[in-house]
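As stored in entry_6.pdb (PDB, C-alpha atoms):
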```pdb
ATOM      1  CA  MET A   1      59.976 112.786  75.531
ATOM      2  CA  HIS A   2      60.123 113.514  71.822
ATOM      3  CA  THR A   3      62.827 111.975  69.676
ATOM      4  CA  VAL A   4      64.896 113.772  67.104
ATOM      5  CA  ASP A   5      65.589 112.607  63.560
ATOM      6  CA  PRO A   6      69.315 113.070  63.026
ATOM      7  CA  GLU A   7      71.529 111.961  60.197
ATOM      8  CA  PHE A   8      73.903 109.251  61.434
ATOM      9  CA  GLN A   9      77.312 108.676  59.893
ATOM     10  CA  ARG A  10      79.935 106.032  60.690
ATOM     11  CA  HIS A  11      83.604 107.025  60.637
ATOM     12  CA  ASP A  12      86.696 104.889  60.775
ATOM     13  CA  ALA A  13      89.863 106.410  62.213
ATOM     14  CA  ARG A  14      90.897 108.000  58.925
ATOM     15  CA  SER A  15      87.621 109.810  58.330
ATOM     16  CA  ALA A  16      87.252 110.679  62.039
ATOM     17  CA  LYS A  17      90.608 112.485  61.952
ATOM     18  CA  ALA A  18      89.112 114.900  59.410
ATOM     19  CA  ILE A  19      86.386 115.941  61.895
ATOM     20  CA  THR A  20      88.528 116.026  65.061
ATOM     21  CA  SER A  21      87.876 119.724  65.660
ATOM     22  CA  GLU A  22      84.097 119.172  65.494
ATOM     23  CA  LEU A  23      84.330 116.234  67.903
ATOM     24  CA  VAL A  24      86.423 118.257  70.355
ATOM     25  CA  ASP A  25      83.955 121.167  70.105
ATOM     26  CA  VAL A  26      81.089 118.873  71.132
ATOM     27  CA  TYR A  27      83.172 117.556  74.031
ATOM     28  CA  ARG A  28      83.976 121.130  75.121
ATOM     29  CA  LYS A  29      80.256 122.023  75.246
ATOM     30  CA  VAL A  30      79.184 118.819  77.001
ATOM     31  CA  TYR A  31      81.884 119.042  79.688
ATOM     32  CA  ASP A  32      81.554 122.792  80.250
ATOM     33  CA  VAL A  33      79.571 122.168  83.443
ATOM     34  CA  PRO A  34      80.412 121.442  87.078
ATOM     35  CA  PRO A  35      82.152 119.333  88.295
ATOM     36  CA  TYR A  36      84.225 119.090  85.099
ATOM     37  CA  ILE A  37      85.017 122.799  84.532
ATOM     38  CA  GLY A  38      88.578 123.511  85.563
ATOM     39  CA  ASP A  39      89.527 119.854  86.038
ATOM     40  CA  PRO A  40      92.597 119.237  83.850
ATOM     41  CA  PHE A  41      91.531 115.611  83.247
ATOM     42  CA  PHE A  42      88.391 116.932  81.505
ATOM     43  CA  SER A  43      90.002 119.746  79.537
ATOM     44  CA  ALA A  44      89.378 119.820  75.793
ATOM     45  CA  GLU A  45      93.130 119.519  75.230
ATOM     46  CA  SER A  46      93.349 116.395  77.383
ATOM     47  CA  PHE A  47      90.351 114.916  75.579
ATOM     48  CA  GLN A  48      91.856 115.664  72.170
ATOM     49  CA  THR A  49      95.049 113.851  73.186
ATOM     50  CA  ARG A  50      93.005 110.805  74.277
ATOM     51  CA  LEU A  51      90.895 110.933  71.111
ATOM     52  CA  GLU A  52      93.893 111.131  68.802
ATOM     53  CA  ALA A  53      95.492 108.179  70.632
ATOM     54  CA  ALA A  54      92.204 106.264  70.249
ATOM     55  CA  TYR A  55      92.385 106.637  66.453
ATOM     56  CA  GLU A  56      95.298 104.198  66.543
ATOM     57  CA  THR A  57      93.406 101.472  68.421
ATOM     58  CA  GLU A  58      92.108  98.304  66.804
ATOM     59  CA  GLY A  59      88.533  98.621  65.571
ATOM     60  CA  PHE A  60      88.230 102.368  66.228
ATOM     61  CA  GLU A  61      84.939 103.838  65.070
ATOM     62  CA  THR A  62      82.786 106.851  65.737
ATOM     63  CA  VAL A  63      79.143 107.403  64.879
ATOM     64  CA  THR A  64      78.057 111.009  64.616
ATOM     65  CA  ALA A  65      74.542 112.415  64.737
ATOM     66  CA  ARG A  66      74.008 115.609  62.763
ATOM     67  CA  LEU A  67      71.061 117.973  62.789
ATOM     68  CA  ASP A  68      71.064 120.746  60.200
ATOM     69  CA  GLY A  69      74.618 119.800  59.246
ATOM     70  CA  ARG A  70      76.227 120.104  62.671
ATOM     71  CA  ILE A  71      77.264 117.327  65.031
ATOM     72  CA  VAL A  72      74.902 117.285  68.013
ATOM     73  CA  GLY A  73      76.120 114.021  69.471
ATOM     74  CA  TYR A  74      78.439 111.118  68.900
ATOM     75  CA  VAL A  75      79.925 107.959  70.258
ATOM     76  CA  HIS A  76      83.379 106.562  69.768
ATOM     77  CA  GLY A  77      84.935 103.297  70.731
ATOM     78  CA  ALA A  78      87.075 100.393  69.620
ATOM     79  CA  THR A  79      87.682  96.722  70.206
ATOM     80  CA  LEU A  80      88.615  96.262  73.880
ATOM     81  CA  PRO A  81      92.244  95.148  74.206
ATOM     82  CA  ALA A  82      92.416  92.157  76.565
ATOM     83  CA  ASP A  83      95.379  93.797  78.310
ATOM     84  CA  LYS A  84      93.784  97.223  78.886
ATOM     85  CA  PRO A  85      94.792  98.302  82.424
ATOM     86  CA  TRP A  86      91.285  99.296  83.565
ATOM     87  CA  TRP A  87      89.941  95.959  82.316
ATOM     88  CA  LEU A  88      92.664  93.967  84.046
ATOM     89  CA  SER A  89      92.208  95.970  87.270
ATOM     90  CA  LEU A  90      88.735  94.438  87.658
ATOM     91  CA  GLY A  91      90.308  91.011  88.167
ATOM     92  CA  LYS A  92      87.778  88.384  89.194
ATOM     93  CA  GLN A  93      84.911  90.894  89.083
ATOM     94  CA  ARG A  94      84.826  90.269  85.328
ATOM     95  CA  PRO A  95      82.554  87.382  84.353
ATOM     96  CA  ALA A  96      84.698  84.510  83.002
ATOM     97  CA  VAL A  97      82.817  84.534  79.707
ATOM     98  CA  LEU A  98      83.829  88.185  79.192
ATOM     99  CA  VAL A  99      87.476  87.444  79.921
ATOM    100  CA  GLY A 100      87.334  84.796  77.196
ATOM    101  CA  LEU A 101      85.588  87.170  74.789
ATOM    102  CA  ALA A 102      88.170  89.904  75.387
ATOM    103  CA  ASP A 103      90.904  87.386  74.539
ATOM    104  CA  VAL A 104      89.376  86.917  71.068
ATOM    105  CA  ASP A 105      88.540  90.603  70.385
ATOM    106  CA  GLY A 106      84.866  90.009  71.159
ATOM    107  CA  ILE A 107      84.102  93.119  73.254
ATOM    108  CA  PHE A 108      83.362  96.602  71.960
ATOM    109  CA  TRP A 109      84.707  99.289  74.304
ATOM    110  CA  LEU A 110      82.346 102.249  74.158
ATOM    111  CA  ARG A 111      84.747 105.006  75.181
ATOM    112  CA  GLU A 112      82.638 108.163  74.877
ATOM    113  CA  LEU A 113      78.989 108.962  74.261
ATOM    114  CA  MET A 114      77.941 112.579  74.325
ATOM    115  CA  VAL A 115      74.991 114.705  73.299
ATOM    116  CA  LEU A 116      74.921 118.503  73.261
ATOM    117  CA  PRO A 117      72.965 119.947  76.214
ATOM    118  CA  GLU A 118      70.350 121.614  73.997
ATOM    119  CA  VAL A 119      69.264 118.251  72.509
ATOM    120  CA  GLN A 120      69.557 116.057  75.611
ATOM    121  CA  ASN A 121      66.571 114.171  77.057
ATOM    122  CA  ARG A 122      65.065 113.460  73.637
ATOM    123  CA  GLY A 123      66.322 109.902  73.138
ATOM    124  CA  LEU A 124      69.296 110.904  70.980
ATOM    125  CA  GLY A 125      71.886 109.267  73.255
ATOM    126  CA  ARG A 126      70.045 105.954  73.003
ATOM    127  CA  GLN A 127      69.756 106.302  69.211
ATOM    128  CA  ILE A 128      73.502 106.931  68.871
ATOM    129  CA  HIS A 129      74.316 104.078  71.276
ATOM    130  CA  ASP A 130      72.097 101.590  69.463
ATOM    131  CA  SER A 131      73.377 102.719  66.065
ATOM    132  CA  VAL A 132      77.026 102.067  66.874
ATOM    133  CA  ILE A 133      76.344  98.713  68.560
ATOM    134  CA  ALA A 134      74.184  97.487  65.670
ATOM    135  CA  GLY A 135      77.133  97.914  63.317
ATOM    136  CA  ARG A 136      79.754  96.197  65.460
ATOM    137  CA  ALA A 137      81.064  92.643  65.072
ATOM    138  CA  GLU A 138      81.612  92.248  68.832
ATOM    139  CA  SER A 139      78.769  90.625  70.749
ATOM    140  CA  VAL A 140      79.279  92.429  74.080
ATOM    141  CA  THR A 141      79.768  96.114  74.864
ATOM    142  CA  ALA A 142      81.773  97.385  77.824
ATOM    143  CA  LEU A 143      82.117 100.929  79.090
ATOM    144  CA  THR A 144      83.115 102.953  82.096
ATOM    145  CA  CYS A 145      80.836 105.626  83.535
ATOM    146  CA  ILE A 146      81.706 108.197  86.182
ATOM    147  CA  ILE A 147      79.876 106.979  89.268
ATOM    148  CA  ASP A 148      78.335 110.356  90.081
ATOM    149  CA  ASN A 149      77.274 111.188  86.511
ATOM    150  CA  GLN A 150      73.724 110.260  87.464
ATOM    151  CA  PRO A 151      71.953 110.889  84.123
ATOM    152  CA  ALA A 152      74.404 108.722  82.144
ATOM    153  CA  HIS A 153      74.702 106.125  84.904
ATOM    154  CA  ASP A 154      70.920 105.741  85.137
ATOM    155  CA  ALA A 155      70.572 105.562  81.351
ATOM    156  CA  TYR A 156      73.117 102.751  81.016
ATOM    157  CA  LEU A 157      71.385 100.734  83.729
ATOM    158  CA  ARG A 158      68.002 101.314  82.016
ATOM    159  CA  TRP A 159      69.504 100.147  78.718
ATOM    160  CA  GLY A 160      70.499  96.826  80.283
ATOM    161  CA  TYR A 161      74.099  97.337  81.430
ATOM    162  CA  THR A 162      75.430  95.438  84.459
ATOM    163  CA  ILE A 163      78.047  96.896  86.814
ATOM    164  CA  MET A 164      81.171  94.722  87.224
ATOM    165  CA  GLY A 165      83.132  96.936  89.601
ATOM    166  CA  GLN A 166      84.843 100.291  90.024
ATOM    167  CA  ILE A 167      88.024 101.521  88.346
ATOM    168  CA  LYS A 168      90.144 104.603  87.781
ATOM    169  CA  HIS A 169      91.586 105.316  84.343
ATOM    170  CA  ALA A 170      94.429 107.376  85.809
ATOM    171  CA  PRO A 171      95.456 108.566  89.268
ATOM    172  CA  GLU A 172      93.906 111.973  88.492
ATOM    173  CA  SER A 173      90.659 110.585  87.069
ATOM    174  CA  PRO A 174      87.404 110.218  88.979
ATOM    175  CA  LEU A 175      86.022 106.849  90.035
ATOM    176  CA  TYR A 176      84.122 104.955  87.324
ATOM    177  CA  ASP A 177      81.749 102.021  87.303
ATOM    178  CA  ALA A 178      82.861  99.436  84.740
ATOM    179  CA  MET A 179      79.756  98.074  83.027
ATOM    180  CA  TYR A 180      78.876  95.632  80.299
ATOM    181  CA  LEU A 181      75.889  95.010  78.081
ATOM    182  CA  PRO A 182      75.325  91.260  77.656
ATOM    183  CA  SER A 183      75.395  89.566  74.273
ATOM    184  CA  ARG A 184      72.798  90.582  71.781
TER     185      ARG A 184
END
```
Go ahead and express the file in the form of structure tokens.
Amino acid sequence: MHTVDPEFQRHDARSAKAITSELVDVYRKVYDVPPYIGDPFFSAESFQTRLEAAYETEGFETVTARLDGRIVGYVHGATLPADKPWWLSLGKQRPAVLVGLADVDGIFWLRELMVLPEVQNRGLGRQIHDSVIAGRAESVTALTCIIDNQPAHDAYLRWGYTIMGQIKHAPESPLYDAMYLPSR
């Protein structure tokens, strides 16, 4: 596996808004594969609505990776609200220490991580992941991963994530594993 040498850039909500169309274009290319094609939950329009709502969340940030000037991958996330429905739905499956951390804005919620198909399997996802986490104040990272998205699921487990339980973000969404990466 050979790594790539992208240019990373951090964006707060204000600067991310200026590149929304680029972010949605990457999403469109990444999710233009079965089983996501044709599923309204995974449409580019639905994603753009979720992304624009995310801009308003506490601690929103995105890190983009550019090669030759174009975004080839990015991550976005925010501080996990302690009252987020998916988080609360885990109940006692959440380690007590994480419940306490969420109460004091101590968990980074990694909402999306994507890499264009033509540059996948070169370590770029890990580089983007590590780049965003290194710049965060929170000591723990939480995310949700579609249970049958085997490449992403396997990567998160390799990177040290622990599964807490399964959730659904919405009635129409697939089943996700809720995971966390212990304190660094």
Pick from A:Pro151, A:Gly106, A:Gly59, A:Gly125 nearest to Gly77 in chain A, counting all atoms listed in the file: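 With all atoms listed in the file as the atom set, the closest residue is A:Gly59.
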When the PyMOL selection byres ((chain A and resi 152) around 12) is applied to the structure above, which residues does it catch, written out as a PyMOL selection string? chain A and resi 112-115+120-121+125-126+129+143-151+153-159+161+176-177+179
Build an axis-aligned box that encloses every atom of range 44-48 of chain A listed in the file, pad it by 5 Å on each side, and report its centre and edge lengths in Å to one decimal, as AutoDock Vina command-line options.
```
--center_x 91.4 --center_y 117.4 --center_z 74.8 --size_x 14.0 --size_y 14.9 --size_z 15.2
```
Given only C-alpha atoms as the basis, pick out the residue of A:Phe47, A:Lys29, A:Ala54, A:Pro34 nearest to Ala13 in chain A.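 Among A:Phe47, A:Lys29, A:Ala54, A:Pro34, it is A:Ala54 that comes nearest to Ala13 in chain A.
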Between CA of Tyr180 in chain A and CA of Glu58 in chain A, distance in Å (one decimal):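 Here the two named atoms are 19.1 Å from each other.
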In Å, how far is it from CA of His11 in chain A to CA of Glu61 in chain A?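 Between CA of His11 in chain A and CA of Glu61 in chain A the gap is 5.6 Å.
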Restricting the calculation to all atoms listed in the file: of A:Leu90, A:Leu101, A:Leu23, A:Ile128, which residue gets closest to Gln166 in chain A?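 Residue with the minimum atom-to-atom distance to Gln166 in chain A: A:Leu90.
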Would you mind reading off the distance between CA of Val26 in chain A and CA of Tyr74 in chain A, one decimal, in Å?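 Computed distance, CA of Val26 in chain A to CA of Tyr74 in chain A, equals 8.5 Å.
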Take the PyMOL selection byres ((chain A and resi 182) around 9), apply it to the structure above, and return the hits as number ranges by chain. A: 139-142, 160-162, 180-181, 183-184
Could you tell me which of A:Val24, A:Leu67, A:Leu80, A:Ile107 comes closest to Thr49 in chain A if we count all atoms listed in the file?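 Once distances to Thr49 in chain A are computed over all atoms listed in the file, the minimum belongs to A:Val24.
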Evaluated on this file, the PyMOL selection byres ((chain A and resi 45) around 12) picks out some residues - which ones are they, written as a ChimeraX atom specification? /A:20-21,23-25,27-28,38-44,46-52
